[in-house]
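Quick look at upload_8.cif (mmCIF, C-alpha atoms):
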data_coords
loop_
_atom_site.label_atom_id
_atom_site.label_comp_id
_atom_site.auth_asym_id
_atom_site.auth_seq_id
_atom_site.Cartn_x
_atom_site.Cartn_y
_atom_site.Cartn_z
CA MET U 1 35.22 -5.17 -5.36
CA ILE U 2 33.26 -5.86 -2.20
CA LYS U 3 31.82 -9.36 -2.02
CA ARG U 4 28.68 -10.29 -0.15
CA ASP U 5 26.53 -13.36 0.16
CA LEU U 6 23.13 -11.79 -0.46
CA VAL U 7 22.04 -8.38 -1.65
CA ILE U 8 18.34 -7.53 -1.51
CA VAL U 9 17.08 -4.54 -3.48
CA GLY U 10 14.08 -2.84 -1.89
CA GLY U 11 13.25 -2.40 1.80
CA GLY U 12 9.49 -2.71 1.57
CA PRO U 13 7.49 -5.69 2.82
CA ALA U 14 8.92 -8.03 0.18
CA GLY U 15 12.56 -7.13 0.75
CA MET U 16 12.26 -7.19 4.53
CA ALA U 17 10.51 -10.59 4.54
CA ALA U 18 13.12 -11.98 2.12
CA ALA U 19 15.93 -10.69 4.36
CA VAL U 20 14.44 -12.21 7.52
CA SER U 21 13.78 -15.50 5.77
CA ALA U 22 17.25 -15.68 4.21
CA TYR U 23 18.75 -15.13 7.66
CA GLU U 24 16.53 -17.77 9.22
CA ASN U 25 17.57 -20.18 6.48
CA GLY U 26 21.26 -19.73 7.22
CA VAL U 27 22.50 -16.67 5.32
CA LYS U 28 24.66 -14.62 7.66
CA ASP U 29 25.79 -11.82 5.35
CA ILE U 30 22.88 -9.82 3.98
CA LEU U 31 22.78 -6.31 2.58
CA LEU U 32 19.35 -4.71 2.22
CA VAL U 33 19.40 -1.70 -0.10
CA GLU U 34 16.59 0.85 0.13
CA ARG U 35 16.31 4.12 -1.79
CA ASP U 36 14.10 5.92 0.76
CA GLN U 37 15.31 7.22 4.12
CA TYR U 38 13.13 4.68 5.95
CA LEU U 39 12.41 0.99 5.62
CA GLY U 40 8.79 -0.02 5.01
CA GLY U 41 8.22 0.97 1.41
CA ILE U 42 4.73 1.92 0.35
CA LEU U 43 3.25 0.54 3.59
CA ASN U 44 4.32 3.74 5.35
CA GLN U 45 1.83 5.81 3.40
CA CYS U 46 -0.97 3.22 3.64
CA VAL U 47 -2.27 4.53 6.98
CA HIS U 48 -5.60 2.69 6.60
CA THR U 49 -6.34 -0.70 8.15
CA GLY U 50 -6.62 -4.00 6.34
CA PHE U 51 -3.11 -5.36 6.66
CA GLY U 52 -1.97 -8.45 8.52
CA ILE U 53 -5.20 -10.35 9.04
CA ASN U 54 -3.76 -13.49 7.48
CA TYR U 55 -0.14 -13.26 8.60
CA PHE U 56 -0.42 -11.62 12.03
CA LYS U 57 -4.08 -12.60 12.64
CA GLU U 58 -4.69 -8.97 13.55
CA ILE U 59 -6.08 -5.96 11.77
CA LEU U 60 -3.20 -3.54 11.31
CA THR U 61 -2.48 -0.39 9.36
CA GLY U 62 0.32 -0.32 6.79
CA PRO U 63 2.82 1.45 9.07
CA GLU U 64 2.12 -1.04 11.88
CA TYR U 65 2.67 -3.98 9.54
CA ALA U 66 5.91 -2.40 8.33
CA ASP U 67 7.01 -1.58 11.88
CA ARG U 68 6.88 -5.22 12.93
CA PHE U 69 9.24 -6.19 10.13
CA ILE U 70 11.46 -3.14 10.62
CA GLU U 71 11.96 -4.20 14.26
CA LYS U 72 12.72 -7.77 13.16
CA VAL U 73 15.28 -6.58 10.64
CA LYS U 74 16.89 -4.23 13.17
CA ASN U 75 17.27 -7.07 15.64
CA ILE U 76 19.27 -9.19 13.21
CA PRO U 77 22.84 -7.78 13.09
CA GLU U 78 23.62 -9.99 10.09
CA ILE U 79 21.25 -7.85 8.01
CA GLU U 80 22.95 -4.58 7.10
CA VAL U 81 20.56 -1.90 5.90
CA SER U 82 21.76 0.73 3.45
CA LEU U 83 19.22 3.57 3.23
CA LYS U 84 19.09 6.39 0.67
CA SER U 85 20.73 3.93 -1.69
CA ILE U 86 19.63 3.71 -5.28
CA VAL U 87 20.67 0.79 -7.42
CA VAL U 88 21.86 2.04 -10.80
CA SER U 89 22.95 -1.17 -12.42
CA LEU U 90 22.49 -4.90 -12.18
CA MET U 91 24.61 -7.32 -14.18
CA PRO U 92 23.79 -10.98 -14.89
CA ASP U 93 27.01 -12.01 -13.13
CA LYS U 94 25.43 -10.66 -9.94
CA ILE U 95 27.43 -7.46 -9.83
CA ILE U 96 25.28 -4.69 -8.50
CA THR U 97 26.07 -0.98 -8.32
CA PHE U 98 24.26 1.52 -6.15
CA LEU U 99 24.57 5.17 -5.28
CA LYS U 100 24.46 6.06 -1.62
CA PRO U 101 25.07 9.46 -0.04
CA GLY U 102 28.60 10.41 -0.96
CA ARG U 103 29.63 7.48 -3.11
CA LEU U 104 29.02 4.77 -5.64
CA GLU U 105 29.39 1.21 -4.42
CA THR U 106 29.80 -1.95 -6.46
CA ILE U 107 29.20 -5.37 -4.98
CA LYS U 108 29.63 -8.89 -6.24
CA ALA U 109 26.94 -11.01 -4.63
CA LYS U 110 26.42 -14.76 -4.47
CA ALA U 111 22.69 -14.17 -4.72
CA ILE U 112 20.47 -11.18 -5.34
CA ILE U 113 16.81 -10.76 -4.54
CA MET U 114 14.97 -8.02 -6.38
CA ALA U 115 12.09 -6.62 -4.36
CA THR U 116 11.58 -3.32 -6.13
CA GLY U 117 7.80 -3.12 -6.00
CA CYS U 118 5.62 -1.53 -8.62
CA ARG U 119 4.51 1.75 -10.12
CA GLU U 120 1.13 3.21 -10.82
CA LYS U 121 -0.19 3.48 -14.33
CA THR U 122 -0.49 7.02 -15.53
CA ARG U 123 -3.03 9.02 -17.49
CA GLU U 124 -0.89 8.52 -20.61
CA MET U 125 -1.24 4.75 -20.34
CA VAL U 126 -5.03 4.88 -20.48
CA HIS U 127 -5.14 7.50 -23.24
CA ILE U 128 -7.36 10.25 -21.88
CA GLN U 129 -7.70 13.15 -24.26
CA GLY U 130 -7.62 16.80 -23.35
CA THR U 131 -5.24 19.37 -21.97
CA ARG U 132 -2.35 18.76 -19.59
CA PRO U 133 -3.12 21.06 -16.65
CA ALA U 134 -1.91 20.75 -13.05
CA GLY U 135 -4.11 18.71 -10.75
CA ILE U 136 -3.75 15.22 -12.22
CA PHE U 137 -2.22 12.80 -9.74
CA SER U 138 -1.82 9.08 -9.46
CA ALA U 139 -3.83 7.96 -6.42
CA GLY U 140 -0.71 6.74 -4.64
CA LEU U 141 1.04 10.06 -5.11
CA ALA U 142 -1.96 11.87 -3.62
CA GLN U 143 -1.80 9.36 -0.76
CA LYS U 144 1.83 10.26 -0.15
CA LEU U 145 1.07 13.98 -0.27
CA ILE U 146 -1.69 13.69 2.32
CA ASN U 147 -0.34 11.02 4.65
CA ILE U 148 3.40 11.71 4.54
CA GLU U 149 3.71 15.35 3.48
CA GLY U 150 0.53 16.66 5.11
CA LEU U 151 -0.63 18.41 1.94
CA LEU U 152 -4.13 18.27 0.47
CA PRO U 153 -3.74 18.28 -3.32
CA GLY U 154 -7.29 19.41 -4.17
CA LYS U 155 -10.84 20.14 -3.08
CA GLU U 156 -13.10 18.74 -5.81
CA ILE U 157 -11.97 15.32 -6.80
CA ILE U 158 -12.67 12.88 -9.61
CA VAL U 159 -11.24 9.38 -9.23
CA VAL U 160 -10.54 7.53 -12.47
CA GLY U 161 -10.68 3.77 -11.99
CA SER U 162 -11.89 1.88 -8.96
CA GLY U 163 -8.76 0.10 -7.85
CA ASP U 164 -8.23 -0.21 -4.10
CA ILE U 165 -5.94 2.79 -3.85
CA GLY U 166 -8.50 4.95 -5.65
CA LEU U 167 -11.29 3.83 -3.33
CA ILE U 168 -9.15 4.35 -0.25
CA MET U 169 -8.14 7.80 -1.46
CA ALA U 170 -11.77 8.71 -2.15
CA ARG U 171 -12.40 8.13 1.55
CA ARG U 172 -9.20 9.87 2.61
CA PHE U 173 -10.04 13.02 0.64
CA THR U 174 -13.57 12.98 2.05
CA LEU U 175 -12.26 12.72 5.61
CA GLU U 176 -9.94 15.65 4.91
CA GLY U 177 -12.90 17.79 3.88
CA ALA U 178 -12.59 17.57 0.10
CA LYS U 179 -15.56 16.64 -2.07
CA VAL U 180 -15.19 13.48 -4.12
CA LYS U 181 -17.60 14.14 -6.95
CA ALA U 182 -17.36 10.81 -8.73
CA ILE U 183 -15.48 7.59 -9.20
CA ILE U 184 -15.43 6.72 -12.90
CA GLU U 185 -14.91 3.03 -13.75
CA ILE U 186 -14.85 1.78 -17.32
CA GLN U 187 -15.57 -1.82 -16.28
CA LYS U 188 -18.96 -2.94 -15.04
CA GLU U 189 -17.70 -3.67 -11.54
CA THR U 190 -14.95 -2.60 -9.17
CA ARG U 191 -11.38 -3.79 -9.56
CA GLY U 192 -10.90 -3.28 -5.84
CA LEU U 193 -11.93 -5.34 -2.85
CA LEU U 194 -15.65 -5.36 -2.04
CA ARG U 195 -14.91 -4.25 1.52
CA ASN U 196 -13.45 -1.05 0.13
CA MET U 197 -16.59 -0.39 -1.88
CA VAL U 198 -18.46 -0.56 1.43
CA GLN U 199 -16.18 1.25 3.85
CA CYS U 200 -14.67 3.80 1.47
CA VAL U 201 -17.48 4.55 -0.97
CA GLU U 202 -20.90 3.58 0.38
CA ASP U 203 -20.09 4.87 3.88
CA PHE U 204 -19.64 8.35 2.41
CA ASN U 205 -22.24 8.19 -0.38
CA ILE U 206 -19.64 8.78 -3.07
CA PRO U 207 -21.16 8.38 -6.55
CA VAL U 208 -19.65 5.58 -8.65
CA TYR U 209 -20.18 5.43 -12.40
CA PHE U 210 -19.55 1.93 -13.73
CA ASN U 211 -19.37 1.46 -17.53
CA HIS U 212 -18.24 5.07 -17.80
CA LYS U 213 -15.03 6.74 -18.86
CA ILE U 214 -13.51 10.20 -18.92
CA SER U 215 -13.65 11.35 -22.50
CA ARG U 216 -11.75 14.62 -22.04
CA ILE U 217 -9.93 16.65 -19.42
CA TYR U 218 -10.42 20.43 -19.54
CA GLY U 219 -8.40 23.21 -17.94
CA LYS U 220 -5.60 25.57 -18.85
CA ASP U 221 -3.39 25.90 -15.77
CA ARG U 222 -5.41 23.74 -13.40
CA VAL U 223 -7.98 21.02 -14.06
CA GLU U 224 -11.39 22.70 -14.45
CA LYS U 225 -13.72 19.91 -15.49
CA VAL U 226 -13.98 16.54 -17.18
CA SER U 227 -16.45 15.17 -19.62
CA VAL U 228 -17.71 11.70 -18.89
CA CYS U 229 -19.54 9.25 -21.13
CA LYS U 230 -21.14 5.86 -20.86
CA VAL U 231 -19.42 3.05 -22.75
CA ASP U 232 -20.60 -0.12 -24.46
CA ASP U 233 -19.12 -3.59 -23.99
CA ASN U 234 -16.17 -2.64 -26.20
CA PHE U 235 -15.53 0.47 -24.11
CA ASN U 236 -16.66 2.72 -26.95
CA GLU U 237 -18.59 5.88 -26.19
CA ILE U 238 -22.36 5.57 -26.34
CA SER U 239 -23.49 8.61 -28.27
CA GLY U 240 -25.63 11.08 -26.42
CA SER U 241 -24.38 9.94 -23.02
CA LEU U 242 -21.83 12.72 -22.51
CA PHE U 243 -22.00 14.91 -19.41
CA GLU U 244 -19.59 17.19 -17.57
CA ILE U 245 -18.37 17.33 -13.98
CA LYS U 246 -16.53 20.31 -12.51
CA CYS U 247 -13.44 19.41 -10.52
CA ASP U 248 -9.98 20.70 -9.68
CA THR U 249 -8.24 17.39 -9.21
CA ILE U 250 -8.16 14.02 -10.96
CA LEU U 251 -6.80 10.89 -9.29
CA MET U 252 -5.69 8.04 -11.50
CA SER U 253 -6.27 4.59 -10.03
CA VAL U 254 -6.04 2.45 -13.12
CA GLY U 255 -3.67 -0.30 -12.13
CA LEU U 256 -0.11 -1.10 -11.18
CA ILE U 257 2.83 -2.33 -13.19
CA PRO U 258 5.90 -4.14 -11.82
CA GLU U 259 9.03 -2.01 -11.64
CA ASN U 260 11.56 -4.08 -13.52
CA GLU U 261 14.04 -1.80 -15.27
CA LEU U 262 17.00 -3.31 -13.42
CA ILE U 263 16.00 -6.87 -14.20
CA GLU U 264 15.57 -5.90 -17.84
CA MET U 265 18.93 -4.13 -17.79
CA ALA U 266 20.52 -7.39 -16.72
CA GLY U 267 18.74 -9.22 -19.54
CA VAL U 268 17.02 -11.48 -17.04
CA ARG U 269 13.83 -13.34 -17.90
CA ILE U 270 11.25 -14.24 -15.27
CA ASP U 271 10.05 -17.75 -14.43
CA GLY U 272 7.98 -18.05 -11.27
CA ASN U 273 9.99 -16.91 -8.26
CA LYS U 274 13.16 -17.69 -10.16
CA THR U 275 14.74 -15.84 -13.01
CA SER U 276 16.68 -17.07 -16.01
CA VAL U 277 19.90 -16.26 -14.10
CA PRO U 278 20.76 -18.66 -11.27
CA GLY U 279 21.08 -16.74 -8.03
CA ILE U 280 18.90 -13.80 -9.04
CA PHE U 281 15.44 -13.95 -7.51
CA MET U 282 12.41 -11.68 -7.42
CA CYS U 283 9.60 -11.26 -4.96
CA GLY U 284 6.70 -8.94 -4.15
CA ASN U 285 5.02 -6.54 -6.51
CA CYS U 286 7.95 -6.39 -8.93
CA LEU U 287 7.17 -10.02 -9.75
CA LYS U 288 3.39 -9.80 -9.84
CA ILE U 289 0.81 -7.40 -8.46
CA TYR U 290 -0.64 -8.55 -5.15
CA ASP U 291 -3.79 -7.24 -3.53
CA LEU U 292 -2.70 -8.25 -0.01
CA VAL U 293 0.64 -7.64 1.66
CA ASP U 294 0.20 -10.83 3.68
CA TRP U 295 0.72 -12.86 0.51
CA VAL U 296 3.73 -10.72 -0.39
CA THR U 297 5.28 -11.66 2.94
CA GLN U 298 4.52 -15.32 2.45
CA ASP U 299 5.97 -15.50 -1.07
CA SER U 300 8.97 -13.38 -0.13
CA PHE U 301 9.84 -15.84 2.62
CA LEU U 302 10.12 -18.40 -0.16
CA ALA U 303 12.40 -16.13 -2.19
CA GLY U 304 14.64 -15.70 0.88
CA LYS U 305 14.75 -19.44 1.35
CA LEU U 306 15.56 -20.12 -2.30
CA ALA U 307 18.37 -17.58 -2.17
CA ALA U 308 19.70 -19.25 0.99
CA THR U 309 19.68 -22.60 -0.77
CA THR U 310 21.66 -21.16 -3.68
CA ILE U 311 24.25 -19.64 -1.37
CA GLU U 312 24.52 -22.87 0.58
CA LEU U 313 25.15 -24.78 -2.64
CA LEU U 314 27.97 -22.39 -3.46
CA LEU U 315 29.50 -22.96 -0.04
CA LYS U 316 29.40 -26.76 -0.19
CA PRO U 317 32.80 -28.45 0.15
CA GLY U 318 34.26 -29.10 -3.25
CA SER U 319 32.68 -26.10 -4.87
CA HIS U 320 35.02 -23.18 -5.19
CA SER U 321 34.06 -20.12 -3.24
CA ASN U 322 35.82 -16.89 -2.46
CA THR U 323 36.27 -15.69 1.07
CA MET U 324 33.22 -13.69 1.88
CA GLY U 325 33.01 -10.72 4.12
CA ALA U 326 36.32 -9.11 3.21
CA GLY U 327 36.18 -5.36 2.95
CA LEU U 328 32.71 -4.99 4.36
CA GLN U 329 31.63 -1.57 5.47
CA MET H 1 -36.94 -6.69 6.85
CA MET H 2 -34.22 -8.42 4.84
CA LYS H 3 -31.07 -6.42 4.19
CA ARG H 4 -28.00 -7.22 2.10
CA LEU H 5 -24.60 -6.34 3.50
CA THR H 6 -21.01 -7.00 2.47
CA CYS H 7 -18.82 -8.00 5.39
CA ILE H 8 -15.73 -5.81 5.72
CA GLU H 9 -13.94 -7.76 8.43
CA CYS H 10 -11.52 -9.38 6.00
CA PRO H 11 -10.65 -9.13 2.31
CA LYS H 12 -13.01 -12.00 1.36
CA GLY H 13 -16.02 -9.69 1.48
CA CYS H 14 -18.75 -12.24 2.25
CA ARG H 15 -22.22 -11.26 1.04
CA LEU H 16 -24.53 -11.32 4.02
CA LEU H 17 -28.29 -11.52 4.16
CA VAL H 18 -29.59 -10.03 7.37
CA ASP H 19 -33.09 -10.34 8.80
CA ALA H 20 -33.67 -7.32 11.01
CA GLN H 21 -36.81 -6.43 12.95
CA ASP H 22 -37.20 -2.98 14.56
CA GLY H 23 -33.47 -2.31 14.26
CA LYS H 24 -32.50 -5.62 15.87
CA VAL H 25 -30.89 -8.48 13.98
CA VAL H 26 -32.89 -11.71 14.04
CA LYS H 27 -30.86 -13.86 11.66
CA VAL H 28 -27.70 -13.59 9.55
CA THR H 29 -26.80 -15.87 6.66
CA GLY H 30 -24.01 -15.89 4.08
CA HIS H 31 -21.08 -15.44 6.47
CA GLU H 32 -18.16 -17.84 6.27
CA CYS H 33 -16.92 -17.15 9.78
CA PRO H 34 -18.28 -15.82 13.09
CA LYS H 35 -16.86 -12.36 12.36
CA GLY H 36 -19.49 -11.94 9.66
CA GLU H 37 -22.36 -12.43 12.05
CA LYS H 38 -20.82 -10.04 14.56
CA TYR H 39 -20.29 -7.50 11.82
CA ALA H 40 -23.89 -7.76 10.60
CA ILE H 41 -25.28 -7.23 14.09
CA SER H 42 -23.03 -4.24 14.68
CA GLU H 43 -23.72 -2.80 11.25
CA ILE H 44 -27.49 -2.84 11.80
CA GLU H 45 -27.64 -1.99 15.50
CA ASN H 46 -24.63 0.31 15.99
CA PRO H 47 -22.38 0.73 12.94
CA VAL H 48 -18.75 1.37 13.87
CA ARG H 49 -15.42 1.84 12.10
CA ILE H 50 -11.78 2.07 13.07
CA LEU H 51 -10.73 5.58 12.05
CA THR H 52 -7.27 6.06 10.59
CA SER H 53 -5.61 9.37 9.77
CA SER H 54 -2.41 11.21 10.52
CA VAL H 55 -1.47 14.05 12.87
CA LEU H 56 1.05 16.85 12.57
CA GLY H 57 4.41 16.41 14.23
CA ARG H 58 6.40 19.28 15.71
CA GLU H 59 10.18 18.99 15.87
CA LEU H 60 10.04 15.32 15.00
CA ARG H 61 11.74 13.68 12.03
CA LEU H 62 8.34 12.84 10.57
CA LYS H 63 6.08 15.68 9.50
CA MET H 64 2.97 13.49 9.72
CA ILE H 65 2.51 10.67 12.22
CA PRO H 66 -0.13 8.11 11.26
CA VAL H 67 -2.74 7.38 13.92
CA ARG H 68 -5.83 5.26 14.44
CA THR H 69 -8.46 4.59 17.05
CA ASP H 70 -7.50 1.45 18.96
CA LYS H 71 -11.13 0.30 18.82
CA PRO H 72 -13.92 1.07 16.38
CA ILE H 73 -15.94 4.25 16.95
CA PRO H 74 -19.53 4.99 15.93
CA LYS H 75 -19.76 5.84 12.24
CA SER H 76 -21.78 8.92 13.15
CA ARG H 77 -18.80 10.39 15.04
CA ILE H 78 -16.21 10.03 12.28
CA PHE H 79 -16.26 13.66 11.16
CA ASP H 80 -16.18 14.94 14.78
CA ALA H 81 -13.19 12.70 15.28
CA MET H 82 -11.45 14.13 12.19
CA LYS H 83 -11.92 17.66 13.58
CA GLU H 84 -10.22 16.60 16.81
CA ILE H 85 -7.41 14.83 14.95
CA LYS H 86 -6.67 18.05 13.08
CA LYS H 87 -6.07 19.88 16.36
CA VAL H 88 -3.48 17.39 17.60
CA ARG H 89 0.21 18.40 17.51
CA LEU H 90 2.67 15.72 18.46
CA THR H 91 5.86 16.97 20.06
CA ARG H 92 7.20 13.89 21.82
CA PRO H 93 8.80 10.84 20.24
CA LEU H 94 6.72 7.69 20.39
CA LYS H 95 6.48 4.12 19.17
CA ALA H 96 3.79 2.39 17.15
CA GLY H 97 0.98 1.59 19.58
CA ASP H 98 1.67 4.47 21.99
CA VAL H 99 -1.35 6.53 23.03
CA VAL H 100 -1.64 9.94 21.38
CA VAL H 101 -5.00 10.95 22.88
CA GLU H 102 -6.50 9.03 25.78
CA ASN H 103 -10.26 8.47 25.91
CA PHE H 104 -10.63 10.12 22.53
CA LEU H 105 -13.84 12.21 22.30
CA SER H 106 -14.91 10.50 25.54
CA LEU H 107 -15.72 7.45 23.43
CA GLY H 108 -13.77 5.05 25.60
CA VAL H 109 -11.18 4.49 22.87
CA ASN H 110 -7.64 5.78 22.55
CA LEU H 111 -6.07 7.44 19.57
CA ILE H 112 -2.79 5.59 19.04
CA ALA H 113 0.25 6.17 16.84
CA THR H 114 0.80 3.54 14.16
CA ARG H 115 4.41 4.41 13.33
CA LYS H 116 7.52 5.13 15.30
CA ALA H 117 8.23 8.87 15.43
CA GLU H 118 11.59 10.13 16.67
#
What is this file in structure tokens?
Amino acid sequence: MIKRDLVIVGGGPAGMAAAVSAYENGVKDILLVERDQYLGGILNQCVHTGFGINYFKEILTGPEYADRFIEKVKNIPEIEVSLKSIVVSLMPDKIITFLKPGRLETIKAKAIIMATGCREKTREMVHIQGTRPAGIFSAGLAQKLINIEGLLPGKEIIVVGSGDIGLIMARRFTLEGAKVKAIIEIQKETRGLLRNMVQCVEDFNIPVYFNHKISRIYGKDRVEKVSVCKVDDNFNEISGSLFEIKCDTILMSVGLIPENELIEMAGVRIDGNKTSVPGIFMCGNCLKIYDLVDWVTQDSFLAGKLAATTIELLLKPGSHSNTMGAGLQ
Amino acid sequence: MMKRLTCIECPKGCRLLVDAQDGKVVKVTGHECPKGEKYAISEIENPVRILTSSVLGRELRLKMIPVRTDKPIPKSRIFDAMKEIKKVRLTRPLKAGDVVVENFLSLGVNLIATRKAE
């Protein structure tokens, strides 16, 4: 079995910051595992500005923020990057298995940092009734289709929820010539940043319905319309408030959940930046949902440092340690 | 005339109260930093935004290359700018920050790439 000092799972902002920090704190054998064909994670599809004002003291887009860390990582030979590599198992004894093009690789690490990010909540998680036609996307998926794939998923859009991604996608669809007919938010105010209400919604006169929810989705093959109602303080429908909006596409922007299947597989519990297993750490959106990448970077530096401390402890004279670096690819 | 604005310069989103007379800002309150005052003046007298989008690549590894204006452009020109962006085809490799279209729409700003495209 290949042995390595530190394996980091996820090459987004959290994983890259953890890798750089671990190196700067003395770790000289780092493997960064990323399932996509590029480093950068979700930042690559976040082409809007708003990144880096705290960390870089500049206003950057997502790809620019990612690019700065990608360059840093590339300039550190001690960080090996394995792209198109999907981790399939994590064991509490820090044995990690991943699939990369052509083979399965198993590694015993001294420390592991999980930086696997998060997923978007789906329609099923917010229990919207109706049919199951084509045309219902999570906002982040629509973002990927437009910004990475160059495809416009629809022309008449309803956004469910007013999280930042939903607001940003309302603007993005508008810029691309689609009509955003409404943003429907069950709460009485936005869950997103106020600046996004201004620059994404008010700038383009997009109607926002607070205290409203979608009561049903209609459409056989493709979304045809939704019915919308006003809700009371308990989110129950106020009778007589129902109205319909025609649309061909629904974007779900109803929150994010940490992606933690691997950590759960290993039977690991979470406690701050640490986990119940010494030497396994977490950082970024898989630990908690952040609204700014700058804070992800900051906290991930800490995770890298903690991992470095653990590895250093293992290397201290008197403590038994195996020869590292044998059989590296 | 008093006008309420929300500053968009950073994620704090300070609530600004702006006193404007004949389209000129007289006084701004509510800002926590100088950016807020600058924003309020611009927003009343000549509202501008940085425009971000993506352009089509040809024979590059990336199908879409993200771009932005390197400086803010007038809000009123955003849809003109989108029309121009749609016409752009990128055929040469470039780095983040490289100019895609110089003096974009004769606005004195450049359209720059925000991601490395090989």
- [ ] With a distance cut-off of 9 Å and only C-alpha atoms, select the neighbouring residues of U:Ile289, excluding the residue or stretch itself and same-chain residues fewer than 5 positions from it, and output the selection as a PyMOL selection string.
- [x] chain U and resi 117-118+256-258+284
Open item on the list: Taking all atoms listed in the file into account and nothing else, which residues of chain H lie no more than 12 Å away from chain U? Please answer as an MDAnalysis selection string.
Closed with: chainID H and resid 4:15 43 47:57 61:72 75:86 95:98 112:117
Create the file for the chosen residues now, containing C-alpha atoms and written as a short mmCIF file (atom, residue, chain, number, x, y, z; two decimals), in the frame of the given file.
data_model
loop_
_atom_site.label_atom_id
_atom_site.label_comp_id
_atom_site.auth_asym_id
_atom_site.auth_seq_id
_atom_site.Cartn_x
_atom_site.Cartn_y
_atom_site.Cartn_z
CA ARG H 4 -28.00 -7.22 2.10
CA LEU H 5 -24.60 -6.34 3.50
CA THR H 6 -21.01 -7.00 2.47
CA CYS H 7 -18.82 -8.00 5.39
CA ILE H 8 -15.73 -5.81 5.72
CA GLU H 9 -13.94 -7.76 8.43
CA CYS H 10 -11.52 -9.38 6.00
CA PRO H 11 -10.65 -9.13 2.31
CA LYS H 12 -13.01 -12.00 1.36
CA GLY H 13 -16.02 -9.69 1.48
CA CYS H 14 -18.75 -12.24 2.25
CA ARG H 15 -22.22 -11.26 1.04
CA GLU H 43 -23.72 -2.80 11.25
CA PRO H 47 -22.38 0.73 12.94
CA VAL H 48 -18.75 1.37 13.87
CA ARG H 49 -15.42 1.84 12.10
CA ILE H 50 -11.78 2.07 13.07
CA LEU H 51 -10.73 5.58 12.05
CA THR H 52 -7.27 6.06 10.59
CA SER H 53 -5.61 9.37 9.77
CA SER H 54 -2.41 11.21 10.52
CA VAL H 55 -1.47 14.05 12.87
CA LEU H 56 1.05 16.85 12.57
CA GLY H 57 4.41 16.41 14.23
CA ARG H 61 11.74 13.68 12.03
CA LEU H 62 8.34 12.84 10.57
CA LYS H 63 6.08 15.68 9.50
CA MET H 64 2.97 13.49 9.72
CA ILE H 65 2.51 10.67 12.22
CA PRO H 66 -0.13 8.11 11.26
CA VAL H 67 -2.74 7.38 13.92
CA ARG H 68 -5.83 5.26 14.44
CA THR H 69 -8.46 4.59 17.05
CA ASP H 70 -7.50 1.45 18.96
CA LYS H 71 -11.13 0.30 18.82
CA PRO H 72 -13.92 1.07 16.38
CA LYS H 75 -19.76 5.84 12.24
CA SER H 76 -21.78 8.92 13.15
CA ARG H 77 -18.80 10.39 15.04
CA ILE H 78 -16.21 10.03 12.28
CA PHE H 79 -16.26 13.66 11.16
CA ASP H 80 -16.18 14.94 14.78
CA ALA H 81 -13.19 12.70 15.28
CA MET H 82 -11.45 14.13 12.19
CA LYS H 83 -11.92 17.66 13.58
CA GLU H 84 -10.22 16.60 16.81
CA ILE H 85 -7.41 14.83 14.95
CA LYS H 86 -6.67 18.05 13.08
CA LYS H 95 6.48 4.12 19.17
CA ALA H 96 3.79 2.39 17.15
CA GLY H 97 0.98 1.59 19.58
CA ASP H 98 1.67 4.47 21.99
CA ILE H 112 -2.79 5.59 19.04
CA ALA H 113 0.25 6.17 16.84
CA THR H 114 0.80 3.54 14.16
CA ARG H 115 4.41 4.41 13.33
CA LYS H 116 7.52 5.13 15.30
CA ALA H 117 8.23 8.87 15.43
#
Within 7 Å of stretch 239-253 of chain U, which residues of stretch 63-168 of chain U come that close, and what is the closest atom pair and distance in Å for each? Count all atoms listed in the file and give it as CSV.
residue,atom,partner,partner_atom,distance
U:Thr122,CA,U:Met252,CA,6.7
U:Arg123,CA,U:Met252,CA,6.6
U:Gly135,CA,U:Thr249,CA,4.6
U:Ile136,CA,U:Ile250,CA,4.7
U:Phe137,CA,U:Leu251,CA,5.0
U:Ser138,CA,U:Met252,CA,4.5
U:Ala139,CA,U:Leu251,CA,5.1
U:Gly154,CA,U:Thr249,CA,5.5
U:Lys155,CA,U:Asp248,CA,6.7
U:Glu156,CA,U:Cys247,CA,4.8
U:Ile157,CA,U:Thr249,CA,4.9
U:Ile158,CA,U:Ile250,CA,4.8
U:Val159,CA,U:Leu251,CA,4.7
U:Val160,CA,U:Met252,CA,5.0
U:Gly161,CA,U:Ser253,CA,4.9
U:Ser162,CA,U:Ser253,CA,6.3
U:Gly163,CA,U:Ser253,CA,5.6
U:Ile165,CA,U:Ser253,CA,6.4
U:Gly166,CA,U:Ser253,CA,4.9
Task: Result set, the PyMOL selection byres ((chain H and resi 27) around 10) on current file, as number ranges by chain - done: H: 2, 17-21, 24-26, 28-29, 37, 40-41
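Among the candidate residues U:Cys229, U:Ala18, U:Val73, U:Val268, the one lying nearest to U:Ile186 is U:Cys229, with distances computed using all atoms listed in the file.
Here atom CA of H:Met1 stands at a distance of 26.3 Å from atom CA of U:Val208.
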Show me, as JSON, the centre and edge lengths in Å to one decimal of the axis-aligned box that covers every listed atom of stretch 284-293 of chain U with 4 Å on each side.
{"center_x": 2.1, "center_y": -8.2, "center_z": -4.1, "size_x": 19.7, "size_y": 11.6, "size_z": 19.5}
- [ ] For stretch 102-115 of chain U, list every protein, DNA or RNA residue within 9 Å, evaluated using all atoms listed in the file, and leave out those in the same chain fewer than 2 positions away; present the list as a PyMOL selection string.
- [x] chain U and resi 1-16+18-19+93-100+117+260+262-263+278-287+300+303-304+307-308+310-311+314
TODO: Could you please determine the separation between atom CA of H:Phe104 and atom CA of H:Val88 in Å, to one decimal place?
DONE: 11.3 Å
